[in-house]
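Structure below is coords24.txt: compact mmCIF, C-alpha atoms.
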```txt
# COMPACT_ATOMS: atom_id res chain seq x y z
CA MET Y 1 -8.47 -25.07 -10.76
CA LYS Y 2 -5.50 -23.53 -9.08
CA ARG Y 3 -3.37 -26.39 -7.83
CA ILE Y 4 -1.13 -24.68 -5.37
CA ALA Y 5 -1.92 -24.79 -1.65
CA LEU Y 6 -1.89 -21.73 0.54
CA ILE Y 7 1.19 -22.83 2.48
CA ALA Y 8 3.05 -23.54 -0.72
CA ALA Y 9 2.02 -20.17 -2.12
CA ILE Y 10 3.38 -18.38 0.92
CA ALA Y 11 6.65 -20.24 0.55
CA LEU Y 12 6.87 -19.31 -3.11
CA LEU Y 13 6.55 -15.64 -2.33
CA VAL Y 14 9.66 -15.59 -0.18
CA LEU Y 15 11.87 -17.97 -2.12
CA ALA Y 16 13.23 -15.27 -4.39
CA GLY Y 17 14.95 -13.57 -1.46
CA CYS Y 18 15.86 -16.60 0.59
CA SER Y 19 19.24 -17.12 2.18
CA LYS Y 20 20.84 -20.53 2.27
CA LYS Y 21 20.19 -20.75 6.01
CA SER Y 22 16.47 -20.01 5.97
CA ASN Y 23 13.54 -20.03 3.54
CA ILE Y 24 11.69 -17.31 5.43
CA LYS Y 25 12.91 -13.77 5.89
CA PRO Y 26 12.08 -12.21 9.27
CA PRO Y 27 9.96 -9.04 9.11
CA HIS Y 28 11.84 -5.79 9.39
CA GLU Y 29 11.65 -4.40 12.91
CA LEU Y 30 9.61 -1.23 13.14
CA VAL Y 31 11.67 1.95 13.37
CA GLU Y 32 10.81 4.93 15.54
CA PHE Y 33 10.07 8.25 13.86
CA THR Y 34 8.53 11.60 14.67
CA PRO Y 35 4.93 11.64 13.35
CA THR Y 36 4.01 14.49 11.03
CA ALA Y 37 0.33 13.59 10.79
CA THR Y 38 -2.49 12.71 13.15
CA VAL Y 39 -4.70 9.67 12.53
CA THR Y 40 -8.20 9.60 14.04
CA GLU Y 41 -10.21 6.41 14.45
CA LEU Y 42 -13.81 7.14 13.49
CA TRP Y 43 -15.27 3.77 14.43
CA GLU Y 44 -14.47 0.08 14.78
CA SER Y 45 -16.72 -2.95 14.47
CA GLN Y 46 -16.70 -6.66 13.61
CA VAL Y 47 -17.89 -8.71 10.65
CA GLY Y 48 -18.07 -12.43 11.44
CA GLY Y 49 -15.02 -14.44 12.39
CA GLY Y 50 -12.82 -13.17 9.57
CA ALA Y 51 -10.73 -14.93 6.96
CA LEU Y 52 -8.10 -16.09 9.49
CA ASP Y 53 -5.62 -18.45 7.75
CA THR Y 54 -7.74 -19.23 4.68
CA GLY Y 55 -5.73 -16.84 2.51
CA VAL Y 56 -8.94 -15.08 1.41
CA ARG Y 57 -8.54 -11.30 1.10
CA LEU Y 58 -12.06 -10.03 1.64
CA ARG Y 59 -12.19 -6.27 1.27
CA PRO Y 60 -15.09 -3.99 2.22
CA THR Y 61 -16.79 -1.88 -0.41
CA TYR Y 62 -18.78 1.37 -0.38
CA SER Y 63 -22.06 2.46 -1.92
CA ASN Y 64 -24.55 5.23 -1.13
CA GLY Y 65 -23.37 5.98 2.39
CA ALA Y 66 -22.91 2.36 3.45
CA ILE Y 67 -19.91 0.06 3.91
CA TYR Y 68 -20.53 -3.56 2.95
CA ALA Y 69 -18.37 -6.38 4.26
CA ALA Y 70 -18.31 -10.16 4.51
CA SER Y 71 -16.60 -13.02 6.32
CA PRO Y 72 -15.84 -16.54 5.04
CA ASP Y 73 -17.95 -17.98 7.89
CA GLY Y 74 -21.13 -16.83 6.14
CA THR Y 75 -21.61 -13.34 7.55
CA VAL Y 76 -22.62 -10.48 5.26
CA GLN Y 77 -23.15 -7.09 6.81
CA ALA Y 78 -23.86 -3.45 5.96
CA PHE Y 79 -22.62 -0.57 8.14
CA ASP Y 80 -23.38 3.13 8.19
CA ALA Y 81 -20.20 4.56 6.66
CA LYS Y 82 -20.09 7.54 9.05
CA THR Y 83 -20.96 5.86 12.37
CA GLY Y 84 -20.24 2.16 11.92
CA ASP Y 85 -23.76 1.26 13.06
CA THR Y 86 -25.06 -2.00 11.59
CA LEU Y 87 -27.76 -1.45 8.98
CA TRP Y 88 -28.42 -5.15 8.41
CA MET Y 89 -26.66 -8.50 8.85
CA HIS Y 90 -27.25 -12.07 7.69
CA HIS Y 91 -25.41 -15.23 8.67
CA SER Y 92 -25.65 -18.53 6.81
CA SER Y 93 -25.25 -20.73 9.89
CA THR Y 94 -28.42 -19.32 11.49
CA HIS Y 95 -30.55 -18.66 8.42
CA GLY Y 96 -29.21 -21.27 5.99
CA TRP Y 97 -28.27 -19.78 2.66
CA PHE Y 98 -31.01 -17.21 3.15
CA GLY Y 99 -33.63 -19.95 3.38
CA TRP Y 100 -33.03 -21.27 -0.11
CA GLY Y 101 -33.43 -24.96 0.68
CA ASP Y 102 -31.45 -28.01 1.68
CA ASP Y 103 -29.59 -28.10 -1.61
CA ASP Y 104 -27.61 -24.99 -0.64
CA ARG Y 105 -24.22 -25.82 0.85
CA LYS Y 106 -24.01 -24.47 4.39
CA ASP Y 107 -20.27 -25.18 4.49
CA ALA Y 108 -19.52 -22.88 1.57
CA PHE Y 109 -17.31 -19.91 2.45
CA TYR Y 110 -17.70 -16.37 1.18
CA ALA Y 111 -14.47 -15.61 -0.63
CA GLY Y 112 -15.15 -13.20 -3.52
CA GLY Y 113 -16.46 -9.74 -2.85
CA PRO Y 114 -18.58 -8.09 -1.93
CA ALA Y 115 -19.42 -5.80 -4.84
CA VAL Y 116 -22.30 -3.34 -4.70
CA ALA Y 117 -23.84 -1.13 -7.38
CA ASP Y 118 -27.32 0.12 -8.27
CA GLY Y 119 -28.90 -1.48 -5.21
CA LEU Y 120 -27.45 -4.95 -5.85
CA PHE Y 121 -25.03 -6.70 -3.46
CA VAL Y 122 -23.05 -9.56 -5.10
CA ILE Y 123 -20.71 -12.05 -3.46
CA GLY Y 124 -19.10 -15.35 -4.46
CA THR Y 125 -18.18 -18.51 -2.57
CA LEU Y 126 -15.42 -21.10 -2.60
CA ASP Y 127 -17.81 -23.78 -3.83
CA GLY Y 128 -18.80 -21.89 -6.99
CA HIS Y 129 -21.94 -19.98 -6.06
CA VAL Y 130 -22.68 -16.33 -6.73
CA TYR Y 131 -25.36 -14.61 -4.66
CA GLY Y 132 -27.29 -11.47 -5.49
CA LEU Y 133 -28.86 -9.62 -2.53
CA ASP Y 134 -30.82 -6.43 -2.08
CA ALA Y 135 -28.24 -3.87 -0.92
CA LYS Y 136 -30.71 -2.01 1.30
CA THR Y 137 -32.04 -5.02 3.21
CA GLY Y 138 -29.73 -7.96 2.52
CA GLU Y 139 -32.69 -10.01 1.32
CA LYS Y 140 -32.19 -12.61 -1.39
CA ARG Y 141 -32.68 -11.86 -5.06
CA TRP Y 142 -30.98 -14.73 -6.88
CA LYS Y 143 -28.31 -17.41 -6.85
CA ALA Y 144 -26.09 -18.52 -9.73
CA THR Y 145 -23.76 -21.49 -10.07
CA VAL Y 146 -20.38 -21.18 -11.79
CA SER Y 147 -17.66 -23.71 -12.57
CA ALA Y 148 -15.28 -23.07 -9.65
CA GLY Y 149 -14.66 -20.99 -6.56
CA VAL Y 150 -14.87 -17.21 -6.65
CA ILE Y 151 -12.04 -15.67 -4.60
CA THR Y 152 -12.07 -12.12 -5.91
CA SER Y 153 -14.64 -9.36 -6.07
CA PRO Y 154 -17.10 -9.39 -8.98
CA ALA Y 155 -17.83 -6.24 -10.99
CA VAL Y 156 -21.39 -4.90 -11.24
CA VAL Y 157 -22.00 -2.57 -14.19
CA GLY Y 158 -25.42 -1.68 -15.55
CA THR Y 159 -27.38 -4.88 -16.18
CA ARG Y 160 -24.36 -7.17 -15.92
CA VAL Y 161 -22.29 -8.85 -13.22
CA VAL Y 162 -18.79 -9.98 -14.27
CA VAL Y 163 -17.37 -12.82 -12.18
CA ARG Y 164 -13.95 -14.46 -12.31
CA THR Y 165 -13.63 -18.07 -11.20
CA ASN Y 166 -10.64 -19.94 -9.84
CA ASP Y 167 -10.33 -22.09 -12.97
CA GLY Y 168 -9.59 -19.05 -15.11
CA LYS Y 169 -13.05 -18.40 -16.57
CA ILE Y 170 -14.91 -15.09 -16.79
CA TYR Y 171 -18.70 -15.19 -16.44
CA CYS Y 172 -21.16 -12.48 -17.34
CA LEU Y 173 -24.43 -12.76 -15.40
CA ASN Y 174 -27.64 -10.76 -15.62
CA THR Y 175 -28.30 -8.51 -12.63
CA ASP Y 176 -32.04 -9.28 -12.60
CA ASP Y 177 -31.91 -13.04 -12.04
CA GLY Y 178 -28.27 -14.18 -12.21
CA SER Y 179 -28.74 -15.94 -15.54
CA GLN Y 180 -25.62 -16.48 -17.63
CA GLU Y 181 -25.15 -14.23 -20.66
CA TRP Y 182 -21.73 -15.49 -21.72
CA VAL Y 183 -18.58 -17.19 -20.45
CA TYR Y 184 -14.98 -16.68 -21.53
CA ASP Y 185 -13.12 -19.99 -21.37
CA GLN Y 186 -9.81 -19.51 -23.14
CA SER Y 187 -7.48 -18.64 -20.29
CA ILE Y 188 -4.56 -20.82 -19.25
CA VAL Y 189 -4.11 -21.78 -15.60
CA PRO Y 190 -0.53 -22.95 -15.04
CA LEU Y 191 0.33 -25.88 -12.79
CA LEU Y 192 1.83 -23.42 -10.31
CA SER Y 193 0.12 -20.14 -9.49
CA LEU Y 194 -0.37 -17.90 -6.49
CA ARG Y 195 -3.30 -18.08 -4.09
CA GLY Y 196 -5.47 -15.25 -5.36
CA ASN Y 197 -7.04 -13.61 -8.39
CA GLY Y 198 -7.16 -10.07 -9.63
CA PRO Y 199 -10.73 -8.74 -9.82
CA PRO Y 200 -12.14 -7.79 -13.23
CA LEU Y 201 -12.31 -4.14 -14.18
CA VAL Y 202 -15.19 -3.07 -16.41
CA ALA Y 203 -14.94 0.27 -18.21
CA LYS Y 204 -16.07 1.71 -21.54
CA GLY Y 205 -17.74 -1.53 -22.59
CA VAL Y 206 -14.62 -3.62 -21.98
CA VAL Y 207 -13.70 -6.19 -19.31
CA PHE Y 208 -10.04 -6.05 -18.26
CA PHE Y 209 -8.38 -8.67 -16.05
CA THR Y 210 -4.94 -10.08 -15.28
CA SER Y 211 -4.54 -13.79 -15.88
CA ASP Y 212 -2.86 -16.64 -14.01
CA ASP Y 213 -0.24 -16.88 -16.75
CA GLY Y 214 0.77 -13.23 -16.38
CA HIS Y 215 -1.23 -11.47 -19.11
CA LEU Y 216 -3.48 -8.43 -19.19
CA VAL Y 217 -6.57 -9.40 -21.19
CA ALA Y 218 -9.40 -7.31 -22.64
CA LEU Y 219 -12.85 -8.71 -23.54
CA ARG Y 220 -15.96 -7.14 -25.01
CA LEU Y 221 -18.58 -6.70 -22.30
CA ASP Y 222 -21.54 -7.41 -24.58
CA ASN Y 223 -20.45 -10.86 -25.79
CA GLY Y 224 -17.14 -11.86 -24.11
CA GLU Y 225 -15.10 -11.74 -27.33
CA LYS Y 226 -11.37 -11.36 -26.70
CA LEU Y 227 -10.01 -8.05 -27.97
CA TRP Y 228 -6.36 -8.39 -26.99
CA GLY Y 229 -3.89 -9.81 -24.50
CA ILE Y 230 -0.54 -8.37 -23.40
CA PRO Y 231 2.13 -10.32 -21.47
CA LEU Y 232 3.15 -8.70 -18.20
CA SER Y 233 5.98 -11.18 -17.69
CA THR Y 234 8.32 -13.25 -19.80
CA GLY Y 235 8.03 -16.61 -18.03
CA GLU Y 236 11.83 -16.87 -17.91
CA GLY Y 237 13.83 -18.74 -15.29
CA ARG Y 238 15.63 -22.00 -14.62
CA THR Y 239 12.96 -23.54 -12.39
CA ASP Y 240 9.16 -23.66 -12.31
CA ILE Y 241 9.23 -21.36 -9.29
CA GLU Y 242 11.38 -18.78 -11.05
CA ARG Y 243 9.05 -18.94 -14.05
CA LEU Y 244 5.94 -18.43 -11.92
CA ASP Y 245 4.42 -15.25 -13.38
CA ASP Y 246 0.90 -14.96 -11.98
CA ALA Y 247 -0.84 -11.56 -12.03
CA ASP Y 248 -3.16 -11.20 -9.03
CA GLY Y 249 -3.57 -7.45 -8.62
CA THR Y 250 -6.31 -5.05 -9.62
CA VAL Y 251 -6.14 -3.45 -13.05
CA LEU Y 252 -6.24 0.34 -12.68
CA LEU Y 253 -7.62 2.81 -15.21
CA GLN Y 254 -6.90 6.53 -15.26
CA GLY Y 255 -8.16 8.37 -18.29
CA ASN Y 256 -7.24 6.09 -21.20
CA THR Y 257 -4.24 4.52 -19.46
CA LEU Y 258 -4.31 1.09 -17.82
CA TYR Y 259 -1.85 0.05 -15.11
CA ALA Y 260 -1.12 -3.60 -14.31
CA ALA Y 261 1.68 -5.72 -12.85
CA ALA Y 262 2.65 -9.35 -12.31
CA TYR Y 263 4.68 -11.55 -9.98
CA HIS Y 264 8.17 -12.14 -11.41
CA GLY Y 265 7.20 -9.78 -14.20
CA ARG Y 266 6.76 -6.11 -14.99
CA ILE Y 267 4.70 -3.12 -14.04
CA MET Y 268 3.22 -1.54 -17.16
CA ALA Y 269 1.22 1.44 -18.35
CA ILE Y 270 -0.85 0.62 -21.42
CA ASN Y 271 -2.92 2.82 -23.70
CA GLY Y 272 -6.37 1.24 -23.52
CA PRO Y 273 -7.75 2.16 -26.98
CA THR Y 274 -4.63 1.02 -28.85
CA ALA Y 275 -3.35 -1.69 -26.43
CA ARG Y 276 0.16 -0.26 -26.84
CA PRO Y 277 2.53 -0.06 -23.87
CA VAL Y 278 3.29 3.48 -22.71
CA TRP Y 279 6.09 2.39 -20.39
CA LYS Y 280 7.21 -0.68 -18.47
CA GLN Y 281 9.48 -1.44 -15.55
CA LYS Y 282 10.81 -4.73 -14.22
CA PHE Y 283 8.85 -5.35 -11.03
CA SER Y 284 7.43 -8.25 -9.03
CA THR Y 285 4.28 -7.96 -6.95
CA TYR Y 286 1.35 -10.11 -5.81
CA VAL Y 287 -0.94 -7.38 -4.40
CA SER Y 288 -2.96 -4.56 -5.93
CA MET Y 289 -1.64 -1.07 -6.62
CA ALA Y 290 -3.08 2.44 -6.20
CA VAL Y 291 -2.93 5.53 -8.41
CA ASN Y 292 -3.73 9.23 -8.19
CA ASP Y 293 -3.22 12.04 -10.71
CA ASN Y 294 0.53 11.59 -11.15
CA THR Y 295 1.73 8.83 -8.85
CA LEU Y 296 1.40 5.05 -9.04
CA VAL Y 297 2.14 3.24 -5.76
CA ALA Y 298 3.02 -0.46 -5.60
CA VAL Y 299 4.38 -2.97 -3.07
CA ASP Y 300 6.99 -5.42 -4.35
CA ASP Y 301 7.27 -9.09 -3.38
CA ALA Y 302 9.62 -8.23 -0.49
CA SER Y 303 7.17 -5.63 0.92
CA ASN Y 304 9.13 -2.59 -0.18
CA VAL Y 305 6.82 0.28 -1.11
CA TRP Y 306 7.50 2.11 -4.40
CA ALA Y 307 6.14 5.22 -6.07
CA PHE Y 308 6.33 5.68 -9.85
CA ASP Y 309 5.62 8.65 -12.09
CA THR Y 310 2.47 7.81 -14.04
CA ALA Y 311 3.65 9.58 -17.19
CA SER Y 312 7.15 8.14 -17.52
CA GLY Y 313 7.31 5.14 -15.17
CA SER Y 314 10.39 6.50 -13.44
CA ASP Y 315 10.58 5.62 -9.76
CA ARG Y 316 10.17 8.54 -7.37
CA TRP Y 317 11.00 6.81 -4.11
CA GLU Y 318 11.29 3.46 -2.36
CA GLN Y 319 10.43 2.82 1.29
CA LYS Y 320 12.50 -0.17 2.46
CA LYS Y 321 11.79 -0.08 6.20
CA LEU Y 322 8.74 -2.35 5.97
CA GLU Y 323 10.54 -5.18 4.18
CA TRP Y 324 9.11 -8.67 4.71
CA ARG Y 325 6.18 -7.39 6.77
CA TRP Y 326 3.74 -9.00 4.27
CA LEU Y 327 2.05 -5.76 3.38
CA SER Y 328 -1.38 -5.30 1.91
CA GLY Y 329 -1.85 -3.40 -1.29
CA PRO Y 330 -1.56 0.37 -0.79
CA GLY Y 331 -4.29 2.96 -0.55
CA ILE Y 332 -3.88 6.65 -1.43
CA VAL Y 333 -5.75 9.24 0.64
CA GLY Y 334 -4.91 12.87 -0.05
CA ASN Y 335 -1.17 13.36 0.42
CA TYR Y 336 -0.62 10.00 2.10
CA VAL Y 337 -0.12 6.33 1.26
CA VAL Y 338 -1.41 3.70 3.70
CA VAL Y 339 -0.62 -0.03 3.93
CA GLY Y 340 -1.46 -2.73 6.47
CA ASP Y 341 0.96 -5.38 7.73
CA LEU Y 342 1.13 -8.86 9.26
CA GLU Y 343 0.85 -7.56 12.84
CA GLY Y 344 -2.19 -5.36 12.34
CA TYR Y 345 -0.38 -2.04 11.96
CA LEU Y 346 -1.34 0.66 9.49
CA HIS Y 347 1.65 2.56 8.11
CA TRP Y 348 1.06 6.04 6.69
CA MET Y 349 3.67 7.58 4.36
CA GLN Y 350 3.92 10.92 2.62
CA ILE Y 351 3.15 10.43 -1.04
CA GLY Y 352 5.77 12.99 -2.07
CA ASP Y 353 8.84 11.28 -0.62
CA GLY Y 354 7.74 8.04 1.07
CA LYS Y 355 8.75 9.18 4.56
CA PHE Y 356 6.69 7.85 7.46
CA ALA Y 357 3.98 10.26 8.60
CA ALA Y 358 2.10 8.13 11.16
CA ARG Y 359 1.60 4.59 12.44
CA THR Y 360 -1.63 3.13 13.82
CA GLU Y 361 -2.08 -0.18 15.62
CA PHE Y 362 -5.42 -1.34 14.28
CA SER Y 363 -5.36 -4.83 15.76
CA GLY Y 364 -2.99 -7.68 16.48
CA ASP Y 365 -4.15 -9.55 13.38
CA ALA Y 366 -2.80 -9.37 9.86
CA ILE Y 367 -4.24 -6.89 7.39
CA ARG Y 368 -4.11 -8.62 4.01
CA ALA Y 369 -6.87 -6.78 2.16
CA GLN Y 370 -6.05 -3.48 0.50
CA PRO Y 371 -7.43 -0.52 2.49
CA LEU Y 372 -10.52 1.06 0.93
CA VAL Y 373 -10.36 4.83 0.43
CA VAL Y 374 -13.60 6.81 0.10
CA GLY Y 375 -13.01 10.55 0.01
CA ASP Y 376 -10.92 11.40 3.07
CA THR Y 377 -11.79 8.18 4.94
CA VAL Y 378 -9.88 4.89 4.97
CA TYR Y 379 -11.70 1.63 5.76
CA VAL Y 380 -9.73 -1.42 6.88
CA GLU Y 381 -10.62 -5.09 7.42
CA ASP Y 382 -8.20 -7.59 9.01
CA VAL Y 383 -8.15 -11.39 8.91
CA ALA Y 384 -10.04 -11.66 12.23
CA GLY Y 385 -13.02 -9.72 10.87
CA ASN Y 386 -12.20 -6.43 12.61
CA ILE Y 387 -13.29 -3.51 10.46
CA GLY Y 388 -12.57 0.15 11.12
CA ALA Y 389 -12.63 3.65 9.66
CA TYR Y 390 -9.82 6.23 9.90
CA ARG Y 391 -9.04 9.77 8.87
CA ILE Y 392 -5.60 11.40 8.63
CA GLN Y 393 -4.53 15.04 8.65
CA ALA Y 394 -1.24 16.85 8.92
CA SER Y 395 -0.20 17.70 12.48
CA ALA Y 396 -0.66 21.33 13.52
CA SER Y 397 3.10 21.93 13.42
CA GLN Y 398 3.18 20.75 9.80
CA GLU Y 399 0.31 22.88 8.52
```

Serialized structure, structure tokens:
Amino acid sequence: MKRIALIAAIALLVLAGCSKKSNIKPPHELVEFTPTATVTELWESQVGGGALDTGVRLRPTYSNGAIYAASPDGTVQAFDAKTGDTLWMHHSSTHGWFGWGDDDRKDAFYAGGPAVADGLFVIGTLDGHVYGLDAKTGEKRWKATVSAGVITSPAVVGTRVVVRTNDGKIYCLNTDDGSQEWVYDQSIVPLLSLRGNGPPLVAKGVVFFTSDDGHLVALRLDNGEKLWGIPLSTGEGRTDIERLDDADGTVLLQGNTLYAAAYHGRIMAINGPTARPVWKQKFSTYVSMAVNDNTLVAVDDASNVWAFDTASGSDRWEQKKLEWRWLSGPGIVGNYVVVGDLEGYLHWMQIGDGKFAARTEFSGDAIRAQPLVVGDTVYVEDVAGNIGAYRIQASASQE
């Protein structure tokens, strides 16, 4: 089990840049600029009471014209992706755990997911349950029990659900009934680690994930056998805090190249078939990244936004004017990068040079979850459960 509390984790994130007078850096004040793009809100809605101060980063997901979202208070909900209309909703406090009996914990919080594929909706809880629901109706299909809390999205591929637990294990469950097919139990969870987990990525018969001790690991999907592991950080430093090297972001795959990064570590491009590094850069991050054809975008541990060339790893630009605003992971939509911040703002930057293109005030609550990009639409969920859809286009004078 991860042994570090949320408050301690937040403190750890800022210690690297602390002054002697204060352990917390104030967020950079927002600067005025002339917008070069227009952002349109398509719809806004609500999913439960939100994650609030739990530290959970629930992120919506998309499948077959619907947006699926959840809240730690027990709400799961499906929206029409175009209109925001509710397609179905269930809440544990009014229906129990979908009527599954008194043995189901009603105080369990949704914390991992949701993930949706092939008509199956999967979500995990802090008390070590995984639920499988019908994606069209929200009705129950199955429940599975794992060894610890699930605080990141599962992966649903074919007949298998891959789930990562907070004690470092990887479970493979059957999509029909939730039965366990295998479990990987060889990871190392350090005494100190950040509050969060990177979700597993499943591609080409392999499960990729970043570990709590700062490694990128590959497992066989059919049996859980470890194929390889690559360190993303060196674990160097004079103190335990300086040696903290957790990797909590999403592993990205483009073609045959994997991209991953770690806190107090490196950002790396790795050839998947050979497990050989293509390039690496010293970098520290605790949120997920985003990639398009030739640009990898990442947010460092001081909330500076960076763009790297995917082929060489050379940095293209750095946007420093959002420093210490506790940014979400970035999303890439067309020619723009979007991030959320601690005050509920969405910041839109040009992907070519990092200059600000637009700013949107979504809500007054922090946006911790990475924005979801589907085509030309960006979906956002904040810690209060507000969920919205946006579209951006260049202003008429810029076209």

TODO: Find the spatial neighbours of Y:Thr40, counting only C-alpha atoms, within a cut-off of 7 Å - ignore same-chain residues fewer than 3 positions away - and output them as a list in words.
DONE: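 Contacts, with the query itself left out: Tyr390, Arg391 and Ile392 of chain Y.
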
TODO: Write out as a count of residues only each polymer residue whose atoms come within 7 Å of Y:Leu219, counting all atoms listed in the file; drop sequence neighbours fewer than 4 positions from it.
DONE: 7

Open item on the list: Just the number, please: distance in Å from atom CA of Y:Gly65 to atom CA of Y:Asp85, one decimal.
Closed with: 11.7 Å

Task: Separation of atom CA of Y:Trp306 from atom CA of Y:Leu346, in Å and rounded to one decimal - done: 16.5 Å

- [ ] Report the distance between atom CA of Y:Ala115 and atom CA of Y:Arg325 in Å, rounded to one decimal place.
- [x] 28.2 Å

Would you give me, as a Markdown table, each residue of stretch 110-138 of chain Y having an atom within 12 Å of an atom of stretch 43-52 of chain Y, along with its shortest atom pair and that distance in Å to one decimal, using all atoms listed in the file and sorting by chain and residue number?
```
| residue | atom | partner | partner_atom | distance |
| --- | --- | --- | --- | --- |
| Y:Tyr110 | CA | Y:Ala51 | CA | 9.2 |
| Y:Ala111 | CA | Y:Ala51 | CA | 8.5 |
| Y:Gly112 | CA | Y:Ala51 | CA | 11.5 |
```

Open item on the list: Please determine, counting only C-alpha atoms, which residue among Y:Ala203, Y:Ala70, Y:Ala155, Y:Val299 has the shortest atom-to-atom distance to Y:Leu258.
Closed with: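 Between Y:Ala203, Y:Ala70, Y:Ala155, Y:Val299, the residue approaching Y:Leu258 most closely is Y:Ala203.
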
- [ ] Could you give me, as a list in words, the residues within 9 Å of Y:Ile270, counting only C-alpha atoms and dropping anything in the same chain fewer than 4 positions from it?
- [x] Asn256, Thr257, Leu258, Tyr259, Ala260, Thr274, Ala275, Arg276, Pro277, Val278, Trp279 and Lys280 of chain Y

Task: Residues near Y:Val383, cut-off 10 Å, only C-alpha atoms, skip fewer than 5 positions along chain, as a ChimeraX atom specification - done: /Y:49-58,71,342,344,363-369

- [ ] Identify, on the basis of all atoms listed in the file, every residue whose closest approach to Y:Ile151 does not exceed 12 Å; exclude the query and any residue fewer than 6 positions from it along the same chain; express the result as a PyMOL selection string.
- [x] chain Y and resi 1-2+51+54-59+72+109-114+123-130+163-168+195-200+248

- [ ] Can you work out which one of Y:Met349, Y:Val162, Y:Ile67, Y:Leu253 has the shortest atom-to-atom distance to Y:Thr86, counting only C-alpha atoms?
- [x]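 So, comparing all the options, the nearest one is Y:Ile67.
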
Need the neighbours of (6.8, -3.9, -7.2): which residues are at most 10 Å away, counting all atoms listed in the file, as a CSV table (one decimal) with C-alpha atoms, in the frame of the given file?
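Below is the file out17.csv, written as the result:
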```
chain,number,residue,atom,x,y,z
Y,261,ALA,CA,1.7,-5.7,-12.8
Y,262,ALA,CA,2.6,-9.4,-12.3
Y,263,TYR,CA,4.7,-11.6,-10.0
Y,264,HIS,CA,8.2,-12.1,-11.4
Y,265,GLY,CA,7.2,-9.8,-14.2
Y,266,ARG,CA,6.8,-6.1,-15.0
Y,267,ILE,CA,4.7,-3.1,-14.0
Y,281,GLN,CA,9.5,-1.4,-15.6
Y,282,LYS,CA,10.8,-4.7,-14.2
Y,283,PHE,CA,8.8,-5.4,-11.0
Y,284,SER,CA,7.4,-8.2,-9.0
Y,285,THR,CA,4.3,-8.0,-7.0
Y,286,TYR,CA,1.4,-10.1,-5.8
Y,287,VAL,CA,-0.9,-7.4,-4.4
Y,288,SER,CA,-3.0,-4.6,-5.9
Y,289,MET,CA,-1.6,-1.1,-6.6
Y,297,VAL,CA,2.1,3.2,-5.8
Y,298,ALA,CA,3.0,-0.5,-5.6
Y,299,VAL,CA,4.4,-3.0,-3.1
Y,300,ASP,CA,7.0,-5.4,-4.4
Y,301,ASP,CA,7.3,-9.1,-3.4
Y,302,ALA,CA,9.6,-8.2,-0.5
Y,303,SER,CA,7.2,-5.6,0.9
Y,304,ASN,CA,9.1,-2.6,-0.2
Y,305,VAL,CA,6.8,0.3,-1.1
Y,306,TRP,CA,7.5,2.1,-4.4
Y,307,ALA,CA,6.1,5.2,-6.1
Y,308,PHE,CA,6.3,5.7,-9.8
Y,318,GLU,CA,11.3,3.5,-2.4
```
